[in-house]
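Working notes, beginning with the structure itself.
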Amino acid sequence: MSNFLSGAFDTVRRNALHAARRALPQRCELCAGPSGTELVCSCCSRDLPRIGAACPVCALPTPDAQVCGTCLAQPPAFDATVAAYAYAFPVDRLVQAFKYQGRLALAEWCAIAILAVRARRNAAPPQRLIALPLSAARQRERGYNQAAEIARQLAAQTRAPLVTRGVRRIRATQPQTALPWPERARNVRDAFACDVDLSGLDVVVVDDVMTTGATLAEFARTLKSAGAARVENWVVARTLPPKS
């Protein structure tokens with residue numbers, strides 16, 4: 001009962017904040033100028049770093065949006081990735097404010113950005129949405145799972161069923177950002193569990209940032225072990241390799 005009441009309270013609080021934001025003039029999260037009812041003004045939105053033509057599997061830039069050589073040679077466990085932006089200034093500021101500073105209103109901005117990119121693919125709506133789980137300790141420390149906040153917004157806008165139980169992170173791992181890229185796959189190995197029957201379903205995994213893709217690949221393996229036929233990632237931002 002306490003979990004039910006806590007969830008109901010969170011829903012009421014989230015709806016109240018949403019209504020208040022819609023009723024009051026907003027200031028842009030980036031330039032602090034007037035932004036109407038939006039969190040990022042139209043001028044700043046035009047300057048956000050978009051990726052352009054990219055590999056449909058991992059979302060890294062490729063000529064003519066072809067599958068990249070790495071995905072051809074070593075296909076990841078996931079089948080596709082939608083990334084709204086490159087993880088670069090000033091998108092990194094927005095994501096960090098949302099993730100670490102409690103700016104939960106940015107979840108709606110994240111969802112709208114993802115859906116704007118995906119709409120260009122004319123794909124069918126997902127059969128299930130799943131937020132990438134945090135460990136219990138990390139979620140207690142942060143107070144919320146940023147991926148889950150985005151997933152709730154996406155579920156509301158797409159009407160896709162959101163899986164909220166039976167999928168979890170069973171092993172606390174070191175923060176991926178603290179590790180060299182080659183060690184990240186080993187760090188997240190066997191970190192997830194799924195008790196949900198996903199047989200034959202197309203599943204979308206929601207997260208804020210995709211860096212090497214190691215965590216999302218391990219989670220996709222877990223979901224496919226539970227029967228998922230296809231796993232697609234929806235992320236707000238994709239870390240791009242350094243320019244040579």
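To be explicit about the labels: the chains of the structure tokens are called A, B, and onward in the order shown, and within each one the residues are counted from 1, while ligands get numbers from 1 in the order they are shown.
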
Residues of region 11-112 of chain A that approach region 212-216 of chain A to 10 Å or less, counting only C-alpha atoms: could you list each one with the shortest pair of atoms and its distance in Å to one decimal, rows by chain and increasing residue number, as CSV?
```
residue,atom,partner,partner_atom,distance
A:Cys58,CA,A:Gly213,CA,7.6
A:Ala59,CA,A:Gly213,CA,10.0
A:Pro76,CA,A:Gly213,CA,8.6
A:Ala77,CA,A:Leu216,CA,8.4
A:Phe78,CA,A:Leu216,CA,7.5
A:Thr81,CA,A:Gly213,CA,9.8
```

Could the residues in this selection be saved with N, CA and C atoms as a PDB file, in the first residue's frame?
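Written out: result29.pdb:
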```
ATOM      1  N   CYS A  58      23.771   1.981 -34.436  1.00  0.00           N
ATOM      2  CA  CYS A  58      24.428   2.570 -33.266  1.00  0.00           C
ATOM      3  C   CYS A  58      24.347   4.083 -33.198  1.00  0.00           C
ATOM      4  N   ALA A  59      23.822   4.728 -34.232  1.00  0.00           N
ATOM      5  CA  ALA A  59      23.604   6.182 -34.280  1.00  0.00           C
ATOM      6  C   ALA A  59      24.880   7.000 -34.400  1.00  0.00           C
ATOM      7  N   PRO A  76      25.829  -5.500 -32.593  1.00  0.00           N
ATOM      8  CA  PRO A  76      25.489  -5.476 -31.169  1.00  0.00           C
ATOM      9  C   PRO A  76      24.190  -6.228 -30.912  1.00  0.00           C
ATOM     10  N   ALA A  77      23.884  -6.456 -29.651  1.00  0.00           N
ATOM     11  CA  ALA A  77      22.658  -7.182 -29.306  1.00  0.00           C
ATOM     12  C   ALA A  77      21.411  -6.368 -29.640  1.00  0.00           C
ATOM     13  N   PHE A  78      21.495  -5.050 -29.634  1.00  0.00           N
ATOM     14  CA  PHE A  78      20.346  -4.233 -30.028  1.00  0.00           C
ATOM     15  C   PHE A  78      20.311  -4.109 -31.548  1.00  0.00           C
ATOM     16  N   THR A  81      19.088   2.278 -33.083  1.00  0.00           N
ATOM     17  CA  THR A  81      19.205   3.356 -32.093  1.00  0.00           C
ATOM     18  C   THR A  81      18.678   4.645 -32.690  1.00  0.00           C
TER      19      THR A  81
END
```

Env of region 137-151 of chain A: 6 Å cut, atoms = only C-alpha atoms, seq-sep filter 5 positions within chain, self excluded. Answer as an mmCIF file with N, CA, C and O atoms, in the first residue's frame.
```cif
data_model
loop_
_atom_site.group_PDB
_atom_site.id
_atom_site.type_symbol
_atom_site.label_atom_id
_atom_site.label_comp_id
_atom_site.auth_asym_id
_atom_site.auth_seq_id
_atom_site.Cartn_x
_atom_site.Cartn_y
_atom_site.Cartn_z
ATOM 1 N N LYS A 99 19.698 15.181 -14.967
ATOM 2 C CA LYS A 99 20.163 13.953 -14.331
ATOM 3 C C LYS A 99 20.643 14.171 -12.896
ATOM 4 O O LYS A 99 20.401 13.337 -12.011
ATOM 5 N N ALA A 107 12.345 16.149 -18.578
ATOM 6 C CA ALA A 107 11.961 14.842 -19.125
ATOM 7 C C ALA A 107 11.037 15.011 -20.326
ATOM 8 O O ALA A 107 11.146 14.268 -21.317
ATOM 9 N N ALA A 111 11.727 13.731 -24.213
ATOM 10 C CA ALA A 111 10.807 12.868 -24.950
ATOM 11 C C ALA A 111 10.419 13.484 -26.290
ATOM 12 O O ALA A 111 10.393 12.802 -27.328
ATOM 13 N N ALA A 131 12.495 1.505 -19.471
ATOM 14 C CA ALA A 131 13.581 2.397 -19.090
ATOM 15 C C ALA A 131 14.777 1.580 -18.621
ATOM 16 O O ALA A 131 14.621 0.571 -17.929
ATOM 17 N N VAL A 206 14.770 2.978 -23.212
ATOM 18 C CA VAL A 206 14.916 4.425 -23.090
ATOM 19 C C VAL A 206 16.068 4.747 -22.146
ATOM 20 O O VAL A 206 16.173 4.174 -21.061
ATOM 21 N N ASP A 207 16.935 5.682 -22.554
ATOM 22 C CA ASP A 207 18.010 6.164 -21.687
ATOM 23 C C ASP A 207 18.328 7.606 -22.067
ATOM 24 O O ASP A 207 17.845 8.120 -23.076
ATOM 25 N N ASP A 208 19.139 8.250 -21.234
ATOM 26 C CA ASP A 208 19.467 9.646 -21.510
ATOM 27 C C ASP A 208 20.625 9.780 -22.493
ATOM 28 O O ASP A 208 20.529 10.482 -23.488
#
```

*Name the residues of region 3-243 of chain A that come out as strand (DSSP E or B) in a backbone DSSP run; write them as an MDAnalysis selection string.*
chainID A and resid 27 34 54 61 80:86 128:131 162:163 167:169 192:194 202:210 230:238

Save the residues we just selected, N, CA and C atoms, as a short mmCIF file (atom, residue, chain, number, x, y, z; two decimals), in the first residue's frame?
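Result file part-v3.cif:
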```cif
data_model
loop_
_atom_site.label_atom_id
_atom_site.label_comp_id
_atom_site.auth_asym_id
_atom_site.auth_seq_id
_atom_site.Cartn_x
_atom_site.Cartn_y
_atom_site.Cartn_z
N ARG A 27 11.35 30.61 -18.64
CA ARG A 27 12.65 31.11 -19.03
C ARG A 27 13.44 29.95 -19.62
N PRO A 34 13.05 34.70 -22.36
CA PRO A 34 11.67 34.23 -22.41
C PRO A 34 11.52 33.10 -23.43
N ALA A 54 23.42 9.00 -39.95
CA ALA A 54 24.04 8.15 -38.93
C ALA A 54 23.70 6.69 -39.17
N PRO A 61 27.72 8.82 -36.75
CA PRO A 61 27.66 9.38 -38.11
C PRO A 61 28.28 8.45 -39.15
N ALA A 80 18.68 -1.31 -33.33
CA ALA A 80 18.62 0.05 -33.86
C ALA A 80 18.75 1.04 -32.71
N THR A 81 19.09 2.28 -33.08
CA THR A 81 19.20 3.36 -32.09
C THR A 81 18.68 4.64 -32.69
N VAL A 82 17.87 5.35 -31.91
CA VAL A 82 17.41 6.70 -32.25
C VAL A 82 18.05 7.64 -31.24
N ALA A 83 18.82 8.60 -31.72
CA ALA A 83 19.46 9.60 -30.86
C ALA A 83 19.07 10.98 -31.34
N ALA A 84 18.55 11.79 -30.42
CA ALA A 84 18.07 13.11 -30.82
C ALA A 84 19.22 14.08 -31.13
N TYR A 85 20.28 14.04 -30.32
CA TYR A 85 21.36 15.00 -30.44
C TYR A 85 22.71 14.33 -30.20
N ALA A 86 23.77 15.04 -30.57
CA ALA A 86 25.12 14.66 -30.14
C ALA A 86 25.29 15.14 -28.70
N ARG A 128 6.46 -2.37 -26.54
CA ARG A 128 6.77 -2.16 -25.13
C ARG A 128 7.86 -1.09 -25.01
N LEU A 129 7.73 -0.26 -23.97
CA LEU A 129 8.77 0.69 -23.61
C LEU A 129 9.37 0.24 -22.27
N ILE A 130 10.70 0.28 -22.16
CA ILE A 130 11.37 -0.09 -20.92
C ILE A 130 12.49 0.91 -20.66
N ALA A 131 12.49 1.51 -19.47
CA ALA A 131 13.58 2.40 -19.09
C ALA A 131 14.78 1.58 -18.62
N LEU A 162 4.20 0.75 -20.99
CA LEU A 162 5.46 0.94 -20.29
C LEU A 162 5.64 -0.16 -19.26
N VAL A 163 6.74 -0.90 -19.38
CA VAL A 163 7.05 -1.97 -18.43
C VAL A 163 7.73 -1.34 -17.22
N VAL A 167 11.85 -5.91 -14.42
CA VAL A 167 13.10 -5.63 -15.12
C VAL A 167 13.96 -4.81 -14.17
N ARG A 168 15.17 -5.28 -13.90
CA ARG A 168 15.97 -4.62 -12.87
C ARG A 168 17.45 -4.81 -13.11
N ARG A 169 18.22 -3.96 -12.46
CA ARG A 169 19.68 -4.11 -12.44
C ARG A 169 20.02 -4.88 -11.17
N PHE A 192 21.96 -7.24 -15.43
CA PHE A 192 20.51 -7.04 -15.50
C PHE A 192 19.77 -8.37 -15.43
N ALA A 193 18.48 -8.27 -15.06
CA ALA A 193 17.59 -9.43 -15.06
C ALA A 193 16.23 -8.98 -15.56
N CYS A 194 15.53 -9.90 -16.23
CA CYS A 194 14.19 -9.62 -16.73
C CYS A 194 13.30 -10.82 -16.45
N ASP A 202 8.51 -6.32 -30.10
CA ASP A 202 9.46 -5.26 -30.41
C ASP A 202 9.53 -4.33 -29.20
N VAL A 203 10.72 -4.18 -28.64
CA VAL A 203 10.90 -3.46 -27.39
C VAL A 203 11.78 -2.23 -27.62
N VAL A 204 11.42 -1.13 -27.00
CA VAL A 204 12.23 0.08 -27.03
C VAL A 204 12.80 0.33 -25.64
N VAL A 205 14.11 0.51 -25.58
CA VAL A 205 14.80 0.83 -24.32
C VAL A 205 15.10 2.33 -24.31
N VAL A 206 14.77 2.98 -23.21
CA VAL A 206 14.92 4.42 -23.09
C VAL A 206 16.07 4.75 -22.15
N ASP A 207 16.94 5.68 -22.55
CA ASP A 207 18.01 6.16 -21.69
C ASP A 207 18.33 7.61 -22.07
N ASP A 208 19.14 8.25 -21.23
CA ASP A 208 19.47 9.65 -21.51
C ASP A 208 20.62 9.78 -22.49
N VAL A 209 21.76 9.09 -22.21
CA VAL A 209 22.95 9.24 -23.04
C VAL A 209 23.49 7.86 -23.40
N MET A 210 23.89 7.69 -24.65
CA MET A 210 24.57 6.49 -25.11
C MET A 210 26.02 6.87 -25.40
N ARG A 230 13.02 -7.91 -31.08
CA ARG A 230 13.80 -6.76 -31.57
C ARG A 230 13.93 -5.77 -30.43
N VAL A 231 15.11 -5.16 -30.32
CA VAL A 231 15.36 -4.15 -29.28
C VAL A 231 15.94 -2.90 -29.94
N GLU A 232 15.27 -1.79 -29.73
CA GLU A 232 15.70 -0.50 -30.27
C GLU A 232 15.96 0.45 -29.11
N ASN A 233 17.01 1.24 -29.19
CA ASN A 233 17.32 2.23 -28.16
C ASN A 233 16.78 3.60 -28.56
N TRP A 234 16.18 4.29 -27.61
CA TRP A 234 15.82 5.69 -27.79
C TRP A 234 16.59 6.49 -26.76
N VAL A 235 17.49 7.34 -27.20
CA VAL A 235 18.30 8.13 -26.28
C VAL A 235 18.24 9.60 -26.65
N VAL A 236 18.44 10.44 -25.67
CA VAL A 236 18.44 11.88 -25.92
C VAL A 236 19.69 12.29 -26.67
N ALA A 237 20.84 11.73 -26.25
CA ALA A 237 22.11 12.17 -26.84
C ALA A 237 23.07 11.00 -27.03
N ARG A 238 23.91 11.13 -28.04
CA ARG A 238 24.89 10.10 -28.38
C ARG A 238 26.28 10.73 -28.32
#
```

*asked:* With only C-alpha atoms as the counted atoms, please give the residues lying no more than 12 Å from Asp47 (chain A), apart from itself and same-chain residues fewer than 6 positions off, as a count of residues only.
replied: 10

_Going by DSSP on the backbone, which residues of region 135-240 of chain A come out as helix (DSSP H, G or I)? List them as an NGL selection string._
:A and (136-142 or 146-158 or 176-178 or 181-187 or 214-225)
